[in-house]
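Q: Data file model-v7.cif (mmCIF, C-alpha atoms and all ligand atoms) is appended below.
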data_upload
#
loop_
_atom_site.group_PDB
_atom_site.id
_atom_site.type_symbol
_atom_site.label_atom_id
_atom_site.label_comp_id
_atom_site.auth_asym_id
_atom_site.auth_seq_id
_atom_site.Cartn_x
_atom_site.Cartn_y
_atom_site.Cartn_z
ATOM 1 C CA MET A 1 15.211 10.339 16.611
ATOM 2 C CA SER A 2 18.285 8.309 17.464
ATOM 3 C CA VAL A 3 19.064 5.203 15.503
ATOM 4 C CA VAL A 4 22.016 3.039 16.410
ATOM 5 C CA THR A 5 24.111 2.386 13.322
ATOM 6 C CA LEU A 6 26.562 -0.436 12.953
ATOM 7 C CA SER A 7 30.153 0.171 12.002
ATOM 8 C CA PRO A 8 31.171 -1.161 8.576
ATOM 9 C CA GLY A 9 33.033 -4.421 8.394
ATOM 10 C CA ASN A 10 32.554 -7.434 10.605
ATOM 11 C CA ASN A 11 29.665 -5.990 12.565
ATOM 12 C CA ALA A 12 27.461 -5.370 9.529
ATOM 13 C CA PHE A 13 23.879 -6.537 9.629
ATOM 14 C CA PHE A 14 23.907 -8.920 6.693
ATOM 15 C CA LEU A 15 21.632 -9.022 3.704
ATOM 16 C CA MET A 16 20.656 -12.643 3.080
ATOM 17 C CA PRO A 17 21.143 -14.136 -0.430
ATOM 18 C CA ARG A 18 18.546 -12.638 -2.816
ATOM 19 C CA GLU A 19 16.767 -10.930 0.082
ATOM 20 C CA SER A 20 14.315 -8.168 -0.863
ATOM 21 C CA ALA A 21 14.586 -4.616 0.485
ATOM 22 C CA PRO A 22 11.233 -4.752 2.365
ATOM 23 C CA SER A 23 12.421 -7.882 4.167
ATOM 24 C CA PHE A 24 15.867 -6.464 4.944
ATOM 25 C CA VAL A 25 14.531 -3.079 6.063
ATOM 26 C CA LEU A 26 11.999 -4.719 8.365
ATOM 27 C CA ARG A 27 14.581 -7.029 9.940
ATOM 28 C CA LEU A 28 16.992 -4.137 10.335
ATOM 29 C CA ALA A 29 14.325 -1.921 11.919
ATOM 30 C CA ASN A 30 13.453 -4.641 14.428
ATOM 31 C CA PHE A 31 17.118 -5.213 15.186
ATOM 32 C CA LEU A 32 18.248 -1.605 15.564
ATOM 33 C CA THR A 33 15.502 0.007 17.520
ATOM 34 C CA VAL A 34 12.762 -0.623 20.033
ATOM 35 C CA LYS A 35 10.588 1.611 17.862
ATOM 36 C CA PRO A 36 10.911 -0.020 14.435
ATOM 37 C CA ASP A 37 8.052 2.084 13.028
ATOM 38 C CA ARG A 38 10.180 5.219 13.497
ATOM 39 C CA PHE A 39 13.059 3.700 11.553
ATOM 40 C CA LEU A 40 10.643 2.571 8.826
ATOM 41 C CA ARG A 41 9.143 6.057 8.620
ATOM 42 C CA ALA A 42 12.628 7.555 8.273
ATOM 43 C CA PHE A 43 13.423 5.159 5.426
ATOM 44 C CA LEU A 44 10.063 4.940 3.673
ATOM 45 C CA GLY A 45 8.408 8.232 4.530
ATOM 46 C CA ASP A 46 5.416 6.207 5.713
ATOM 47 C CA GLU A 47 5.840 2.916 7.590
ATOM 48 C CA ARG A 48 2.777 1.415 5.882
ATOM 49 C CA THR A 49 4.405 1.478 2.448
ATOM 50 C CA LEU A 50 6.857 -1.340 3.119
ATOM 51 C CA ALA A 51 5.964 -2.922 -0.247
ATOM 52 C CA SER A 52 7.449 0.071 -2.070
ATOM 53 C CA ALA A 53 10.814 -0.330 -0.312
ATOM 54 C CA VAL A 54 11.780 -2.675 -3.127
ATOM 55 C CA TYR A 55 11.911 0.314 -5.522
ATOM 56 C CA LEU A 56 13.897 2.716 -3.291
ATOM 57 C CA HIS A 57 17.267 2.010 -4.875
ATOM 58 C CA HIS A 58 18.205 5.681 -4.479
ATOM 59 C CA LYS A 59 18.154 5.069 -0.724
ATOM 60 C CA SER A 60 20.922 2.449 -0.866
ATOM 61 C CA ASP A 61 23.231 4.858 0.971
ATOM 62 C CA PHE A 62 20.771 5.261 3.834
ATOM 63 C CA LEU A 63 20.458 1.494 4.086
ATOM 64 C CA ALA A 64 24.224 0.980 3.820
ATOM 65 C CA GLU A 65 24.862 3.475 6.587
ATOM 66 C CA ALA A 66 22.244 2.024 8.911
ATOM 67 C CA SER A 67 23.318 -1.582 8.339
ATOM 68 C CA GLY A 68 27.081 -1.255 8.026
ATOM 69 C CA LEU A 69 27.003 -2.919 4.608
ATOM 70 C CA ASP A 70 28.798 -1.269 1.714
ATOM 71 C CA ARG A 71 26.595 0.547 -0.771
ATOM 72 C CA GLN A 72 26.988 -2.079 -3.485
ATOM 73 C CA ALA A 73 25.944 -4.913 -1.169
ATOM 74 C CA ALA A 74 22.940 -2.915 0.053
ATOM 75 C CA SER A 75 21.883 -2.081 -3.527
ATOM 76 C CA LEU A 76 21.331 -5.800 -4.294
ATOM 77 C CA ALA A 77 18.084 -5.710 -2.296
ATOM 78 C CA PHE A 78 16.343 -3.444 -4.802
ATOM 79 C CA ILE A 79 14.527 -3.632 -8.113
ATOM 80 C CA ARG A 80 16.013 -0.856 -10.266
ATOM 81 C CA ARG A 81 14.512 1.047 -13.156
ATOM 82 C CA LEU A 82 16.362 0.793 -16.484
ATOM 83 C CA ARG A 83 16.500 3.818 -18.798
ATOM 84 C CA ASP A 84 16.021 1.699 -21.859
ATOM 85 C CA PRO A 85 13.593 0.248 -22.727
ATOM 86 C CA ALA A 86 10.992 2.279 -20.845
ATOM 87 C CA GLY A 87 9.270 0.299 -18.087
ATOM 88 C CA ALA A 88 12.141 -2.205 -17.789
ATOM 89 C CA ARG A 89 13.259 -3.198 -14.309
ATOM 90 C CA THR A 90 16.327 -5.081 -13.214
ATOM 91 C CA PHE A 91 17.171 -6.993 -10.043
ATOM 92 C CA LEU A 92 19.932 -9.502 -9.265
ATOM 93 C CA ASP A 93 20.789 -10.972 -12.722
ATOM 94 C CA PHE A 94 17.308 -10.475 -14.165
ATOM 95 C CA THR A 95 15.472 -8.031 -16.398
ATOM 96 C CA VAL A 96 11.689 -7.855 -16.363
ATOM 97 C CA ALA A 97 9.046 -5.184 -16.960
ATOM 98 C CA ASP A 98 7.000 -3.233 -14.435
ATOM 99 C CA HIS A 99 3.922 -5.373 -15.017
ATOM 100 C CA HIS A 100 5.719 -8.574 -13.931
ATOM 101 C CA ILE A 101 6.164 -7.280 -10.387
ATOM 102 C CA ASP A 102 3.277 -7.471 -7.962
ATOM 103 C CA GLN A 103 3.784 -6.081 -4.471
ATOM 104 C CA THR A 104 0.046 -5.832 -3.703
ATOM 105 C CA VAL A 105 0.328 -9.241 -2.051
ATOM 106 C CA ARG A 106 3.156 -10.835 -0.091
ATOM 107 C CA ARG A 107 4.159 -14.227 -1.454
ATOM 108 C CA VAL A 108 6.207 -16.624 0.639
ATOM 109 C CA SER A 109 7.421 -20.177 0.350
ATOM 110 C CA PRO A 110 6.709 -21.948 3.660
ATOM 111 C CA VAL A 111 9.304 -24.612 2.766
ATOM 112 C CA ALA A 112 12.034 -22.023 2.117
ATOM 113 C CA LEU A 113 11.175 -20.248 5.396
ATOM 114 C CA ALA A 114 11.243 -23.577 7.264
ATOM 115 C CA ARG A 115 14.688 -24.308 5.828
ATOM 116 C CA ASP A 116 15.913 -20.902 7.038
ATOM 117 C CA VAL A 117 14.634 -21.662 10.547
ATOM 118 C CA GLU A 118 16.229 -25.126 10.486
ATOM 119 C CA ALA A 119 19.534 -23.637 9.349
ATOM 120 C CA GLY A 120 19.425 -21.150 12.235
ATOM 121 C CA ILE A 121 19.261 -18.112 9.928
ATOM 122 C CA PRO A 122 16.494 -15.498 9.978
ATOM 123 C CA PRO A 123 13.594 -16.495 7.724
ATOM 124 C CA TYR A 124 13.429 -13.885 4.951
ATOM 125 C CA HIS A 125 11.636 -12.801 1.774
ATOM 126 C CA ARG A 126 13.388 -13.401 -1.588
ATOM 127 C CA LEU A 127 13.209 -10.847 -4.417
ATOM 128 C CA PRO A 128 11.902 -13.250 -7.102
ATOM 129 C CA TRP A 129 8.841 -13.964 -4.907
ATOM 130 C CA SER A 130 7.556 -10.534 -6.008
ATOM 131 C CA LEU A 131 7.028 -11.804 -9.572
ATOM 132 C CA SER A 132 3.388 -12.514 -10.357
ATOM 133 C CA ASP A 133 4.184 -15.296 -12.882
ATOM 134 C CA LEU A 134 6.283 -17.222 -10.390
ATOM 135 C CA ASN A 135 4.260 -19.821 -8.457
ATOM 136 C CA HIS A 136 7.146 -21.744 -6.911
ATOM 137 C CA ASP A 137 10.302 -20.812 -5.081
ATOM 138 C CA PRO A 138 13.035 -21.418 -7.691
ATOM 139 C CA GLU A 139 15.561 -22.693 -5.142
ATOM 140 C CA THR A 140 13.413 -25.316 -3.396
ATOM 141 C CA GLY A 141 10.741 -25.902 -6.077
ATOM 142 C CA SER A 142 8.128 -25.483 -3.329
ATOM 143 C CA PRO A 143 4.847 -23.578 -3.831
ATOM 144 C CA LEU A 144 4.490 -19.899 -2.967
ATOM 145 C CA ILE A 145 1.437 -18.880 -0.957
ATOM 146 C CA CYS A 146 -0.164 -15.433 -0.702
ATOM 147 C CA ALA A 147 -2.851 -16.346 1.848
ATOM 148 C CA CYS A 148 -2.536 -17.559 5.416
ATOM 149 C CA ASP A 149 -3.403 -21.239 5.871
ATOM 150 C CA HIS A 150 -4.739 -20.495 9.359
ATOM 151 C CA CYS A 151 -6.987 -17.415 9.049
ATOM 152 C CA GLY A 152 -7.365 -17.569 5.261
ATOM 153 C CA ARG A 153 -6.641 -13.873 4.756
ATOM 154 C CA THR A 154 -4.391 -12.443 2.062
ATOM 155 C CA LEU A 155 -0.802 -11.833 3.090
ATOM 156 C CA THR A 156 0.112 -8.188 2.507
ATOM 157 C CA TRP A 157 3.042 -5.887 3.198
ATOM 158 C CA GLU A 158 0.831 -3.230 4.806
ATOM 159 C CA ASN A 159 0.322 -5.096 8.067
ATOM 160 C CA CYS A 160 3.590 -7.035 7.989
ATOM 161 C CA VAL A 161 5.667 -6.816 11.157
ATOM 162 C CA ASP A 162 7.647 -10.001 10.471
ATOM 163 C CA VAL A 163 8.129 -11.478 6.975
ATOM 164 C CA ALA A 164 7.841 -15.015 8.332
ATOM 165 C CA SER A 165 4.414 -14.618 9.912
ATOM 166 C CA CYS A 166 0.841 -13.670 8.993
ATOM 167 C CA GLY A 167 0.141 -9.994 9.694
ATOM 168 C CA TRP A 168 -3.473 -10.801 10.644
ATOM 169 C CA CYS A 169 -3.246 -13.740 13.050
ATOM 170 C CA GLY A 170 0.490 -14.119 13.692
ATOM 171 C CA ARG A 171 0.644 -17.629 12.249
ATOM 172 C CA PRO A 172 4.322 -18.607 11.706
ATOM 173 C CA LEU A 173 4.356 -19.136 7.952
ATOM 174 C CA TRP A 174 7.195 -21.657 8.037
ATOM 175 C CA ARG A 175 4.630 -24.010 9.571
ATOM 176 C CA ALA A 176 2.003 -23.227 6.882
ATOM 177 C CA THR A 177 0.930 -25.902 4.458
ATOM 178 C CA ALA A 178 0.758 -24.973 0.799
ATOM 179 C CA PRO A 179 -1.914 -26.374 -1.529
ATOM 180 C CA ASP A 180 -0.600 -29.582 -3.048
ATOM 181 C CA GLU A 181 -0.904 -28.760 -6.752
ATOM 182 C CA PRO A 182 1.318 -30.347 -9.371
ATOM 183 C CA MET A 183 3.891 -28.046 -10.934
ATOM 184 C CA SER A 184 2.997 -27.329 -14.567
ATOM 185 C CA ALA A 185 5.627 -27.294 -17.320
ATOM 186 C CA PHE A 186 5.176 -23.514 -17.410
ATOM 187 C CA ASP A 187 5.799 -23.271 -13.640
ATOM 188 C CA GLU A 188 8.963 -25.328 -14.046
ATOM 189 C CA PHE A 189 10.085 -23.082 -16.884
ATOM 190 C CA VAL A 190 9.548 -19.846 -14.899
ATOM 191 C CA SER A 191 11.276 -21.333 -11.843
ATOM 192 C CA ALA A 192 14.295 -22.348 -13.940
ATOM 193 C CA LEU A 193 14.491 -18.856 -15.519
ATOM 194 C CA PHE A 194 14.871 -17.316 -12.043
ATOM 195 C CA HIS A 195 16.938 -20.096 -10.465
ATOM 196 C CA PRO A 196 19.819 -18.850 -8.283
ATOM 197 C CA ASP A 197 22.279 -21.127 -10.115
ATOM 198 C CA PRO A 198 23.347 -19.644 -13.497
ATOM 199 C CA ILE A 199 24.105 -23.167 -14.774
ATOM 200 C CA VAL A 200 20.490 -24.246 -14.218
ATOM 201 C CA ARG A 201 19.278 -21.088 -15.996
ATOM 202 C CA ALA A 202 21.658 -21.537 -18.947
ATOM 203 C CA ASP A 203 20.693 -25.194 -19.260
ATOM 204 C CA ARG A 204 16.976 -24.348 -19.442
ATOM 205 C CA ARG A 205 17.590 -21.524 -21.914
ATOM 206 C CA SER A 206 19.647 -23.800 -24.187
ATOM 207 C CA LYS A 207 16.424 -25.679 -25.019
ATOM 208 C CA LEU A 208 14.748 -22.531 -26.403
ATOM 209 C CA ALA A 209 14.588 -21.561 -30.082
ATOM 210 C CA PRO A 210 18.109 -20.186 -30.781
ATOM 211 C CA VAL A 211 16.856 -16.648 -31.429
ATOM 212 C CA LEU A 212 15.283 -16.537 -27.926
ATOM 213 C CA ILE A 213 18.233 -17.811 -25.866
ATOM 214 C CA GLY A 214 19.531 -14.321 -25.113
ATOM 215 C CA TRP A 215 16.119 -12.736 -24.455
ATOM 216 C CA SER A 216 15.442 -11.140 -21.098
ATOM 217 C CA GLU A 217 13.297 -13.031 -18.589
ATOM 218 C CA GLY A 218 10.547 -10.420 -18.966
ATOM 219 C CA ASP A 219 10.457 -10.715 -22.768
ATOM 220 C CA LEU A 220 10.195 -14.509 -22.526
ATOM 221 C CA LEU A 221 7.267 -14.203 -20.088
ATOM 222 C CA ASP A 222 5.565 -11.689 -22.397
ATOM 223 C CA LEU A 223 6.136 -13.950 -25.422
ATOM 224 C CA MET A 224 4.414 -16.837 -23.613
ATOM 225 C CA SER A 225 1.540 -14.621 -22.543
ATOM 226 C CA THR A 226 1.015 -13.291 -26.110
ATOM 227 C CA LEU A 227 1.038 -16.815 -27.558
ATOM 228 C CA ARG A 228 -1.542 -17.874 -24.983
ATOM 229 C CA ARG A 229 -3.700 -14.914 -25.989
ATOM 230 C CA VAL A 230 -3.505 -15.980 -29.646
ATOM 231 C CA GLN A 231 -4.341 -19.533 -28.602
ATOM 232 C CA ARG A 232 -7.541 -18.316 -26.931
ATOM 233 C CA ILE A 233 -8.867 -16.784 -30.185
ATOM 234 C CA PHE A 234 -10.367 -20.117 -31.241
ATOM 235 C CA PRO A 235 -9.892 -22.521 -28.316
ATOM 236 C CA ILE A 236 -9.930 -26.165 -29.424
ATOM 237 C CA GLY A 237 -12.784 -27.451 -27.308
ATOM 238 C CA LEU A 238 -13.251 -26.773 -23.624
ATOM 239 C CA GLY A 239 -10.413 -27.526 -21.265
ATOM 240 C CA ALA A 240 -7.762 -27.171 -23.961
ATOM 241 C CA GLN A 241 -4.360 -26.928 -22.306
ATOM 242 C CA SER A 242 -2.640 -23.544 -22.388
ATOM 243 C CA ALA A 243 0.482 -23.507 -24.535
ATOM 244 C CA GLY A 244 3.455 -24.715 -22.515
ATOM 245 C CA PRO A 245 7.102 -23.660 -22.800
ATOM 246 C CA GLU A 246 7.752 -26.427 -25.363
ATOM 247 C CA VAL A 247 6.073 -24.117 -27.897
ATOM 248 C CA ILE A 248 8.981 -21.677 -27.756
ATOM 249 C CA GLU A 249 11.607 -24.349 -28.337
ATOM 250 C CA ALA A 250 11.502 -23.878 -32.143
ATOM 251 C CA ASN A 251 10.475 -21.120 -34.548
ATOM 252 C CA SER A 252 8.326 -23.683 -36.362
ATOM 253 C CA SER A 253 6.149 -24.474 -33.302
ATOM 254 C CA ILE A 254 5.773 -20.776 -32.480
ATOM 255 C CA SER A 255 4.749 -20.137 -36.089
ATOM 256 C CA ARG A 256 2.287 -23.050 -36.034
ATOM 257 C CA LEU A 257 0.530 -21.740 -32.903
ATOM 258 C CA LEU A 258 0.552 -18.166 -34.141
ATOM 259 C CA ASN A 259 -0.954 -18.996 -37.535
ATOM 260 C CA ARG A 260 -3.458 -21.606 -36.349
ATOM 261 C CA PRO A 261 -6.445 -19.242 -35.921
ATOM 262 C CA LEU A 262 -5.962 -17.967 -39.490
ATOM 263 C CA LYS A 263 -5.441 -21.466 -40.872
ATOM 264 C CA ASP A 264 -8.514 -22.853 -39.071
ATOM 265 C CA ALA A 265 -10.581 -19.909 -40.286
ATOM 266 C CA ALA A 266 -9.417 -20.430 -43.880
ATOM 267 C CA LEU A 267 -10.514 -24.083 -43.713
ATOM 268 C CA SER A 268 -13.962 -23.215 -42.394
ATOM 269 C CA GLU A 269 -16.923 -22.486 -44.661
ATOM 270 C CA ASP A 270 -17.508 -19.152 -42.962
ATOM 271 C CA ARG A 271 -16.181 -16.351 -45.192
ATOM 272 C CA GLY A 272 -16.130 -13.863 -42.325
ATOM 273 C CA ALA A 273 -14.025 -16.125 -40.103
ATOM 274 C CA VAL A 274 -10.739 -15.227 -41.808
ATOM 275 C CA THR A 275 -11.345 -11.526 -41.255
ATOM 276 C CA VAL A 276 -12.183 -12.121 -37.599
ATOM 277 C CA ALA A 277 -9.138 -14.357 -37.061
ATOM 278 C CA ALA A 278 -6.828 -11.862 -38.764
ATOM 279 C CA ALA A 279 -8.184 -8.984 -36.694
ATOM 280 C CA ALA A 280 -7.931 -10.961 -33.446
ATOM 281 C CA THR A 281 -4.361 -12.084 -34.206
ATOM 282 C CA THR A 282 -3.309 -8.546 -35.103
ATOM 283 C CA SER A 283 -4.875 -7.238 -31.924
ATOM 284 C CA ALA A 284 -3.069 -9.844 -29.766
ATOM 285 C CA LEU A 285 0.222 -8.836 -31.394
ATOM 286 C CA MET A 286 -0.449 -5.123 -31.052
ATOM 287 C CA THR A 287 -0.961 -5.377 -27.299
ATOM 288 C CA ALA A 288 2.378 -7.218 -26.920
ATOM 289 C CA PRO A 289 5.523 -5.241 -26.043
ATOM 290 C CA ARG A 290 7.395 -4.087 -29.161
ATOM 291 C CA PRO A 291 10.227 -6.679 -29.402
ATOM 292 C CA ILE A 292 7.747 -9.523 -28.941
ATOM 293 C CA ALA A 293 5.327 -8.095 -31.519
ATOM 294 C CA ALA A 294 8.177 -7.584 -34.020
ATOM 295 C CA PHE A 295 9.426 -11.149 -33.580
ATOM 296 C CA LEU A 296 5.948 -12.677 -33.910
ATOM 297 C CA ASN A 297 5.128 -10.512 -36.912
ATOM 298 C CA SER A 298 8.127 -11.990 -38.688
ATOM 299 C CA LEU A 299 6.630 -15.460 -38.195
ATOM 300 C CA LEU A 300 3.125 -14.548 -39.321
ATOM 301 C CA VAL A 301 2.186 -16.131 -42.640
ATOM 302 C CA ARG A 302 0.992 -13.383 -44.962
ATOM 303 C CA ARG A 303 -1.733 -14.222 -47.403
ATOM 304 C CA ALA A 304 -2.257 -12.290 -50.581
HETATM 305 ZN ZN ZN B 401 -3.361 -15.612 9.393
#
Would you encode the structure as structure tokens?

A:
Amino acid sequence: MSVVTLSPGNNAFFLMPRESAPSFVLRLANFLTVKPDRFLRAFLGDERTLASAVYLHHKSDFLAEASGLDRQAASLAFIRRLRDPAGARTFLDFTVADHHIDQTVRRVSPVALARDVEAGIPPYHRLPWSLSDLNHDPETGSPLICACDHCGRTLTWENCVDVASCGWCGRPLWRATAPDEPMSAFDEFVSALFHPDPIVRADRRSKLAPVLIGWSEGDLLDLMSTLRRVQRIFPIGLGAQSAGPEVIEANSSISRLLNRPLKDAALSEDRGAVTVAAAATTSALMTAPRPIAAFLNSLLVRRA
């Protein structure tokens, strides 16, 4: 197979800011060759596994050579595995865990894509859009969608021939309308954590309990998810709001939420309730990743 490669320097095919490898590889394949599937097969092994391109950091050289970018620039498109701790992944300035990344669907922000089109740049997929906890594009604050507003089908990588359109019906996704749901405090928090501007991120982090300010993005997401699990042990009535990010702004509020099931159980007449609450709290902590469990354990009120 012959693939035209670009010479390094001014003629490089550019990676857009925060662009993901699947998006870049697909654009490059369409640009370089009339048979993009052949290029994709050469890069991926199988052109249907475009979603996995995000993990192929060891193929940065291949991508650099084909695009004319230097290796370091090309490597920015990938999510890399960290040796320590096990299961940790890093991309751009962020550290998360394996379970925060979901490539089974393709999430896009129609507003961000529309802005690309307006600016005359190719509409592209951003790396943070692969995070399952992120519901809004951090840069524009606009909702992410993972279903086509025209045919209603789930957007996937498997049938994706253009990141800016639906792989089922061809609907240009920059014209798609996203459901008009208000952004929750948690959504705002997650968006700020992954904001492109480090000043915005630092500003949001400065509001956290001091011990948490330096935590990785993934650990903060896991802390919130563990606290929400504890909160569900004895929900206060139906429709009780899930704990928002304000809970992790002080050790005292974290401790209050964490110890509430035990406290409520102790106040009740039911002698068995304390045992149940203790077991449920322990179980919620045990399923949390180690640093989160250790931190929460230190805030657990021990009763003799
Ligand atoms: Zn569609």

Q: Identify which of the residues A:Gln241, A:Ser298, A:Ser283, A:Thr154 lies closest to ligand ZN 401 (chain B), counting only C-alpha atoms and all ligand atoms when measuring atom-to-atom distances.

A: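 Among A:Gln241, A:Ser298, A:Ser283, A:Thr154, it is A:Thr154 that comes nearest to ligand ZN 401 (chain B).
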
Q: I'd like to know which of A:Ala202, A:Leu258, A:Met286, A:Ala176 is closest to ligand ZN 401 (chain B), using all atoms listed in the file.

A: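 Closest residue, counting all atoms listed in the file: A:Ala176.
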
Q: Would you mind telling me which residue in A:Pro122, A:Ala273, A:Ser242, A:Gln103 lies nearest to Arg229 of chain A when using only C-alpha atoms?

A: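 Result for the nearest residue to Arg229 of chain A: A:Ser242.
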
Q: Out of A:Trp129, A:Trp168, A:Phe13, A:Phe91, which residue has the shortest atom-to-atom distance to ligand ZN 401 (chain B) when counting all atoms listed in the file?

A: A:Trp168

Q: Restricting the calculation to only C-alpha atoms, which member of A:Thr95, A:Ser52, A:Ser191, A:Thr90 is positioned closest to Thr140 of chain A?

A: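 That would be A:Ser191, the residue with the smallest distance to Thr140 of chain A.
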
Q: With a distance cut-off of 9 Å and all atoms listed in the file, select the neighbouring residues of Thr104 of chain A, excluding the residue or stretch itself and same-chain residues fewer than 5 positions from it, and output the selection as a list of chain:residue names.

A: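 Surrounding residues, per the criterion: A:Ala51, A:Thr156, A:Trp157, A:Glu158.
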
Q: List all protein, DNA and RNA residues that have at least one atom no more than 12 Å from any atom of ligand ZN 401 (chain B), counting only C-alpha atoms and all ligand atoms, and write them as a VMD selection string.

A: chain A and resid 145 to 156 159 to 160 164 to 173 175 to 176

Q: As a PyMOL selection string, please: the residues near Ile79 of chain A (cut-off 12 Å, all atoms listed in the file, same-chain neighbours under 3 positions excluded).

A: chain A and resi 18-22+51-60+74-76+82+87-98+100-103+126-128+130-131

Q: If we count all atoms listed in the file and set the cut-off at 10 Å, which residues sit around Ala265 of chain A, ignoring sequence neighbours fewer than 2 positions away in its own chain? Please answer as a ChimeraX atom specification.

A: /A:234,260-263,267-278

Q: Rounded to one decimal place, report the atom CA of Arg80 of chain A-atom CA of Pro196 of chain A distance in Å.

A: 18.5 Å

Q: One decimal, Å: what's the distance from atom CA of His195 of chain A over to atom CA of Pro17 of chain A, could you say?

A: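 Atom CA of Pro17 of chain A lies at a distance of 12.4 Å from atom CA of His195 of chain A.
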
Q: On this structure, the PyMOL selection byres (((chain A and resi 144) around 6) and not hetatm) would catch which residues? List them as a ChimeraX atom specification, sorted by chain and number.

A: /A:107-109,135-136,143,145

Q: Just the number, please: distance in Å from atom CA of Thr287 of chain A to atom CA of Ile254 of chain A, one decimal.

A: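 Calculated distance between atom CA of Thr287 of chain A and atom CA of Ile254 of chain A is 17.6 Å.
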
Q: Looking at A:Leu69, A:Met224, A:Leu63, A:Leu208, which one is nearest to Leu296 of chain A, with distances taken over all atoms listed in the file?

A: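 Comparing A:Leu69, A:Met224, A:Leu63, A:Leu208 against Leu296 of chain A, the winner is A:Met224.
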
Q: Give me the result of the PyMOL selection byres (((chain A and resi 187) around 10) and not hetatm) on this file, residue by residue, as number ranges by chain.

A: A: 133-138, 141, 143, 182-186, 188-193, 244-245

Q: Name the residues that the PyMOL selection byres (((chain A and resi 47) around 12) and not hetatm) picks from the file above, as a PyMOL selection string, using the file's chain letters and numbers.

A: chain A and resi 22+25-26+29+35-46+48-53+157-161

Q: As a ChimeraX atom specification, please: the residues near Val230 of chain A (cut-off 7 Å, all atoms listed in the file, same-chain neighbours under 3 positions excluded).

A: /A:226-227,233,258,281,284

Q: Just to be explicit: take each residue in the selection above, keep C-alpha atoms, and write the result as a tab-separated table (two decimals), in the coordinates of the input.

A:
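Result went into again_23.tsv, see below:
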chain	number	residue	atom	x	y	z
A	226	THR	CA	1.01	-13.29	-26.11
A	227	LEU	CA	1.04	-16.82	-27.56
A	233	ILE	CA	-8.87	-16.78	-30.18
A	258	LEU	CA	0.55	-18.17	-34.14
A	281	THR	CA	-4.36	-12.08	-34.21
A	284	ALA	CA	-3.07	-9.84	-29.77
